[in-house]
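Visitor: My questions will all concern the structure given below.
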There are 2 protein chains.
Amino acid sequence: MPSVPPALPLHPVHGGDRLNAADTPHRGLLPAGLSDMLPPEAAREARAMELVMGRLAAHGYQRVKPPLVEFEESLLGGPGAALSKDTFRLMDPVSQRMMGVRPDMTVQVARIAVTRLKDAARPLRLSYAGNVIRVRGSQLRPERQFAQVGAELIGPDSAEADAETVLLAVEALRAVGVANLSVDLNLPTLVTALCRVLALPGAVIARLRRALERKDEDAVRRALETRTATDLFVGLLRCVGQAEPGIATLKALDLPAEARSEAERLALAVSLVRAAAPDLRLTVDPVEYRGLEYQTGVSFTFYALDTRGELGRGGRYRAGYPEDQVTADSAVVSLTAADDLESIGCTEPATGFTLFMDTVSGAARIELAGKRLYVPCGIAWADLAQWQQDGFLTVRGLEPATDAAAEARRLDCTHFLIDGRPVTV
Amino acid sequence: MPSVPPALPLHPVHGGDRLNAADTPHRGLLPAGLSDMLPPEAAREARAMELVMGRLAAHGYQRVKPPLVEFEESLLGGPGAALSKDTFRLMDPVSQRMMGVRPDMTVQVARIAVTRLKDAARPLRLSYAGNVIRVRGSQLRPERQFAQVGAELIGPDSAEADAETVLLAVEALRAVGVANLSVDLNLPTLVTALCRVLALPGAVIARLRRALERKDEDAVRRALETRTATDLFVGLLRCVGQAEPGIATLKALDLPAEARSEAERLALAVSLVRAAAPDLRLTVDPVEYRGLEYQTGVSFTFYALDTRGELGRGGRYRAGYPEDQVTADSAVVSLTAADDLESIGCTEPATGFTLFMDTVSGAARIELAGKRLYVPCGIAWADLAQWQQDGFLTVRGLEPATDAAAEARRLDCTHFLIDGRPVTV
């Protein structure tokens, strides 16, 4: 394989089938981070998406399909703001307003929940599947386009709802054959709550966050001045790891009331997940914060131990457009008709998850129909059904072939016909 | 329903479930021509796409997935040029080159065939499913985003291949329950060939085309000067209609040799389709040209008699980038590495079709699982599988409900549990 610029490594799961401009600089076929998916990988991803969506549907999650582009203020309002700089913008010649190509679908589905479906009964369970595009890939995810499949559970704010989301994702990932699944549970609001209760100054918080990110106890000690604060945050660091011991350590900490209720919520979610999935590899990391800035409670990331990168992530958030984003001249106001104004500043509790289907598909074990039968020219179209019903894909000859076996081999078929019966090539 | 600007009528197939900015001008939710698909319509379209892709796979068509955006010269090269002004452009900050958001997937799949898969055995059968976006909707298709599913058959240039494409589309449309299907076969190259043979001047050709478009015999007579030309084109107009009488009329015309071979090819394709689909409603229109400018032979459009708009279309074309588009300074050259240069100016015969899945889904009869079972809070996750295996979608209660039947009704469920057994609400 030709050398690849270090800033943009190819995704490890896909290889031979996916080329892009980074492979051979003079083959300007596709922009970096964008690729063609070829057979059989495209079929495998599509099948994985169908299987995942099938599990979500079985649990009552109803599919919605938001558009690929919408006005930027609706796409980037609320939690969507985090992806603003990753979003391609387009001028809409019809409305003369700026649109964005979606970098994520969660915000779109939340928008649908709080506007179009605001009168639907809660809990509202929605699912979606589609492709998103980002201006730049990241080190961990160099693809600028990938398929997302996800579920959102809107309305309830409870550990039961947190657990349902985790269990649903686990069931979906197992349904596509992902092995060695691991779920890391986070609580990004806990550190925030503690900093507030302890009235830590901004500069201290910044140092503390960096230290926590690196899981560096000494740096945490250096960042903090009081014994109380040091004990708490070093204590939190020691919760990182296997879920049950981590939760036990967390419960033993002398947490202030506000933080304690957060911790108890996480503990309850863990116990609900564990009860339903006794053999699931479950870890907790109550100091993890990166990428979770917009989460408002229990969050989670899905991994497969032998696959690089995340399979997906999710967690608790507020669906809708928070009041502090809505001012008289804010474009967000134009989002809503008069009768929708109640949904502004009146966000709803929600949780959900998104699976990154290129990574999932690489970690999955998807069986595609593999028997390809060469059918010589002259067989009637209606006769193909009999072999298709027996599990064959049929490949018609369009002109006479003198050697059917050789033609079958040439066309990558596994079978050809002798006296109307399929035999192995 | 509020009034809709006449320039942008809502699509008739979808109604209650699809709203956009045109509905209520002050509800700026989504740009005109873009919409959210809600339950159950989104699930219905997805199911229709799965079923169609399943039929294409059964006939040996292998799925590819090109990206949503690519460099504009590859997207708009060859036949793609027709959609240039309908294409949204984006500046790629990584390459500093212009990209286009695909307005169509056929050109992308043809690009894959002549570059990435140029060494794959022919006939090459590819399939695809995805969404496309256009700058402006048309009168007939106001949506600016819609899902396409299609198949391309690359390599052979024969009536057998023409017929396979038609039969495959018909089988796929019937698989999703489209009733009253009708296929209109066209031959846009025939009029062009006749004009060339008769050496008609450009101004005459322009008048003739308008007359033929309107199926106006008198205008055809007025446009032409010689008896030979008049007889030929009026004769062609009289071929429009049911396929078999139309073909008989066509064969009886005194066509010059070049045009005769075109007509014979159409006749052969019709007879092959008819042999495999004796009850199919089949018409011919050898003077139809609109929207077929880039077709190089037998073309076709699919309709359902009770559905407005086309279900899909297709036909013969040249896959690849024709030589006359490739000049020393042409950006198309940058498409290909040195070892790909042979594919430039060396286009391949191809035929294929695209189905417009919003219209197809509206014309289809798709059955979705309809039994929704309310399962009260406290039932173990593992126990849900038993009811799902019996065909129920399960909807978990997340908190205790005093009246399970009422809660089931509130959540739009059809069933709830009494003593662990589903009963109708």
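Ligands are numbered from 1 in the order shown, residues from 1 within each chain, and chains are lettered A, B, ... in the order they appear in the structure tokens.
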Compile a residue-level contact table for chain A against chain B at a cut-off of 7 Å, reporting for every qualifying residue the shortest atom pair and its distance in Å to one decimal, with only C-alpha atoms counted, rows ordered by chain and ascending number, as JSON lines.
Guide:
```
{"residue": "A:His26", "atom": "CA", "partner": "B:Ala337", "partner_atom": "CA", "distance": 5.9}
{"residue": "A:Arg27", "atom": "CA", "partner": "B:Ala337", "partner_atom": "CA", "distance": 4.5}
{"residue": "A:Gly28", "atom": "CA", "partner": "B:Leu335", "partner_atom": "CA", "distance": 5.0}
{"residue": "A:Leu29", "atom": "CA", "partner": "B:Leu335", "partner_atom": "CA", "distance": 5.0}
{"residue": "A:Leu30", "atom": "CA", "partner": "B:Glu70", "partner_atom": "CA", "distance": 5.9}
{"residue": "A:Pro31", "atom": "CA", "partner": "B:Glu70", "partner_atom": "CA", "distance": 6.3}
{"residue": "A:Leu34", "atom": "CA", "partner": "B:Pro67", "partner_atom": "CA", "distance": 6.2}
{"residue": "A:Ser35", "atom": "CA", "partner": "B:Pro67", "partner_atom": "CA", "distance": 6.0}
{"residue": "A:Asp36", "atom": "CA", "partner": "B:Pro66", "partner_atom": "CA", "distance": 4.4}
{"residue": "A:Met37", "atom": "CA", "partner": "B:Lys65", "partner_atom": "CA", "distance": 4.8}
{"residue": "A:Leu38", "atom": "CA", "partner": "B:Val64", "partner_atom": "CA", "distance": 4.8}
{"residue": "A:Pro39", "atom": "CA", "partner": "B:Arg63", "partner_atom": "CA", "distance": 5.8}
{"residue": "A:Ala42", "atom": "CA", "partner": "B:Val64", "partner_atom": "CA", "distance": 5.3}
{"residue": "A:Ala43", "atom": "CA", "partner": "B:Arg63", "partner_atom": "CA", "distance": 5.4}
{"residue": "A:Ala57", "atom": "CA", "partner": "B:Leu393", "partner_atom": "CA", "distance": 6.8}
{"residue": "A:Ala58", "atom": "CA", "partner": "B:Leu393", "partner_atom": "CA", "distance": 4.5}
{"residue": "A:His59", "atom": "CA", "partner": "B:Thr394", "partner_atom": "CA", "distance": 4.9}
{"residue": "A:Gly60", "atom": "CA", "partner": "B:Val395", "partner_atom": "CA", "distance": 5.1}
{"residue": "A:Gln62", "atom": "CA", "partner": "B:Pro39", "partner_atom": "CA", "distance": 6.0}
{"residue": "A:Arg63", "atom": "CA", "partner": "B:Ala43", "partner_atom": "CA", "distance": 5.4}
{"residue": "A:Val64", "atom": "CA", "partner": "B:Leu38", "partner_atom": "CA", "distance": 4.8}
{"residue": "A:Lys65", "atom": "CA", "partner": "B:Met37", "partner_atom": "CA", "distance": 4.8}
{"residue": "A:Pro66", "atom": "CA", "partner": "B:Asp36", "partner_atom": "CA", "distance": 4.4}
{"residue": "A:Pro67", "atom": "CA", "partner": "B:Ser35", "partner_atom": "CA", "distance": 6.0}
{"residue": "A:Glu70", "atom": "CA", "partner": "B:Leu30", "partner_atom": "CA", "distance": 5.9}
{"residue": "A:Phe71", "atom": "CA", "partner": "B:Leu30", "partner_atom": "CA", "distance": 6.5}
{"residue": "A:Leu90", "atom": "CA", "partner": "B:Leu90", "partner_atom": "CA", "distance": 7.0}
{"residue": "A:Ser95", "atom": "CA", "partner": "B:Pro31", "partner_atom": "CA", "distance": 7.0}
{"residue": "A:Ala121", "atom": "CA", "partner": "B:Leu411", "partner_atom": "CA", "distance": 6.0}
{"residue": "A:Glu160", "atom": "CA", "partner": "B:Leu398", "partner_atom": "CA", "distance": 6.0}
{"residue": "A:Ala161", "atom": "CA", "partner": "B:Leu398", "partner_atom": "CA", "distance": 6.7}
{"residue": "A:Ala276", "atom": "CA", "partner": "B:Trp381", "partner_atom": "CA", "distance": 5.8}
{"residue": "A:Ser334", "atom": "CA", "partner": "B:Gly28", "partner_atom": "CA", "distance": 5.7}
{"residue": "A:Leu335", "atom": "CA", "partner": "B:Leu29", "partner_atom": "CA", "distance": 5.0}
{"residue": "A:Thr336", "atom": "CA", "partner": "B:Arg27", "partner_atom": "CA", "distance": 5.3}
{"residue": "A:Ala337", "atom": "CA", "partner": "B:Arg27", "partner_atom": "CA", "distance": 4.6}
{"residue": "A:Ala380", "atom": "CA", "partner": "B:Ala276", "partner_atom": "CA", "distance": 6.7}
{"residue": "A:Trp381", "atom": "CA", "partner": "B:Ala276", "partner_atom": "CA", "distance": 5.9}
{"residue": "A:Ala382", "atom": "CA", "partner": "B:Ala276", "partner_atom": "CA", "distance": 6.8}
{"residue": "A:Gln388", "atom": "CA", "partner": "B:Ala58", "partner_atom": "CA", "distance": 6.3}
{"residue": "A:Leu393", "atom": "CA", "partner": "B:Ala58", "partner_atom": "CA", "distance": 4.5}
{"residue": "A:Thr394", "atom": "CA", "partner": "B:His59", "partner_atom": "CA", "distance": 4.9}
{"residue": "A:Val395", "atom": "CA", "partner": "B:Gly60", "partner_atom": "CA", "distance": 5.1}
{"residue": "A:Leu398", "atom": "CA", "partner": "B:Glu160", "partner_atom": "CA", "distance": 6.0}
{"residue": "A:Arg410", "atom": "CA", "partner": "B:Ala121", "partner_atom": "CA", "distance": 6.7}
{"residue": "A:Leu411", "atom": "CA", "partner": "B:Ala121", "partner_atom": "CA", "distance": 6.0}
```
Visitor: Just the helix (DSSP H, G or I) stuff from segment 272-305 of chain B, please, per backbone DSSP, written as a PyMOL selection string.
Guide: chain B and resi 272-276
Visitor: For each of A:Pro256, A:Gly291, A:Pro142, A:Gly80, take the minimum atom-to-atom distance to Gly100 of chain A, counting only C-alpha atoms, then give the residue where this is smallest.
Guide: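 Once distances to Gly100 of chain A are computed over only C-alpha atoms, the minimum belongs to A:Gly80.
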Visitor: What lies within 12 Å of Asp162 of chain B using only C-alpha atoms, ignoring chain neighbours under 5 positions off, as a count of residues only?
Guide: 36
Visitor: As JSON, numbers by chain, please: every residue in segment 134-338 of chain B that a backbone DSSP assignment puts in strand (DSSP E or B).
Guide: {"B": [145, 146, 147, 148, 149, 150, 151, 152, 153, 154, 181, 182, 183, 184, 185, 186, 241, 242, 281, 282, 283, 284, 285, 299, 300, 301, 302, 303, 304, 312, 313, 314, 315, 316, 317, 318, 319, 321]}
Visitor: Calculate how many Å separate atom CA of Glu213 of chain A from atom CA of Ala147 of chain A, rounding to one decimal.
Guide: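 Computed distance, atom CA of Glu213 of chain A to atom CA of Ala147 of chain A, equals 28.5 Å.
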Visitor: So the first atom is atom CA of Ala203 of chain A and the second is atom CA of Lys215 of chain A; what is the distance between them in Å, to one decimal place?
Guide: 18.4 Å
Visitor: Counting only C-alpha atoms, which of B:Thr307, B:Thr347, B:Thr249, B:Gln139 gets nearest to Pro79 of chain B?
Guide: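 Of the candidates, the smallest distance to Pro79 of chain B is held by B:Thr347.
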Visitor: Suppose you want the space between atom CA of Gln242 of chain B and atom CA of Arg260 of chain B; what is it in Å?
Guide: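 Distance reported for this atom pair: 19.7 Å.
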Visitor: From the set B:Arg318, B:Arg313, B:Arg141, B:Lys118, which residue has the shortest atom-to-atom contact distance to Thr354 of chain B, counting only C-alpha atoms?
Guide: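 Nearest candidate to Thr354 of chain B out of B:Arg318, B:Arg313, B:Arg141, B:Lys118: B:Arg313.
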Visitor: Here is a test: counting only C-alpha atoms, which residue of B:Met49, B:Ala364, B:Ala193, B:Val107 is nearest to Ala257 of chain B?
Guide: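 Of B:Met49, B:Ala364, B:Ala193, B:Val107, the one nearest Ala257 of chain B is B:Ala193, counting only C-alpha atoms.
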Visitor: When you look at Thr359 of chain A with a cut-off of 8 Å (counting only C-alpha atoms), what residues show up, excluding the ones that are within fewer than 5 positions of it in the same chain? I need them as a list in words.
Guide: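 Result of the neighbour search: Val13, Thr307, Gly309, Glu310 and Leu311 of chain A.
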Visitor: Please produce an output containing N, CA, C and O atoms for each residue in the selection, written as a compact mmCIF listing (two decimals), in the first residue's frame.
Guide:
```txt
# COMPACT_ATOMS: atom_id res chain seq x y z
N VAL A 13 -10.20 -0.73 9.60
CA VAL A 13 -11.13 -1.83 9.38
C VAL A 13 -11.30 -2.12 7.91
O VAL A 13 -11.37 -3.26 7.48
N THR A 307 -11.41 -4.04 17.69
CA THR A 307 -11.67 -3.07 16.62
C THR A 307 -11.21 -1.69 17.07
O THR A 307 -11.53 -1.27 18.18
N GLY A 309 -11.26 2.23 17.31
CA GLY A 309 -12.28 3.27 17.21
C GLY A 309 -13.57 2.86 17.90
O GLY A 309 -13.78 1.70 18.26
N GLU A 310 -14.44 3.84 18.05
CA GLU A 310 -15.71 3.61 18.72
C GLU A 310 -16.72 3.01 17.75
O GLU A 310 -16.78 3.39 16.59
N LEU A 311 -17.55 2.09 18.25
CA LEU A 311 -18.66 1.58 17.45
C LEU A 311 -19.82 2.57 17.48
O LEU A 311 -20.64 2.60 16.56
```
Visitor: Have a look at B:Val114, B:Ala248, B:Leu83, B:Ala211 and name the one nearest to Val234 of chain B; count only C-alpha atoms.
Guide: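 Among the listed residues, the smallest separation from Val234 of chain B belongs to B:Ala211.
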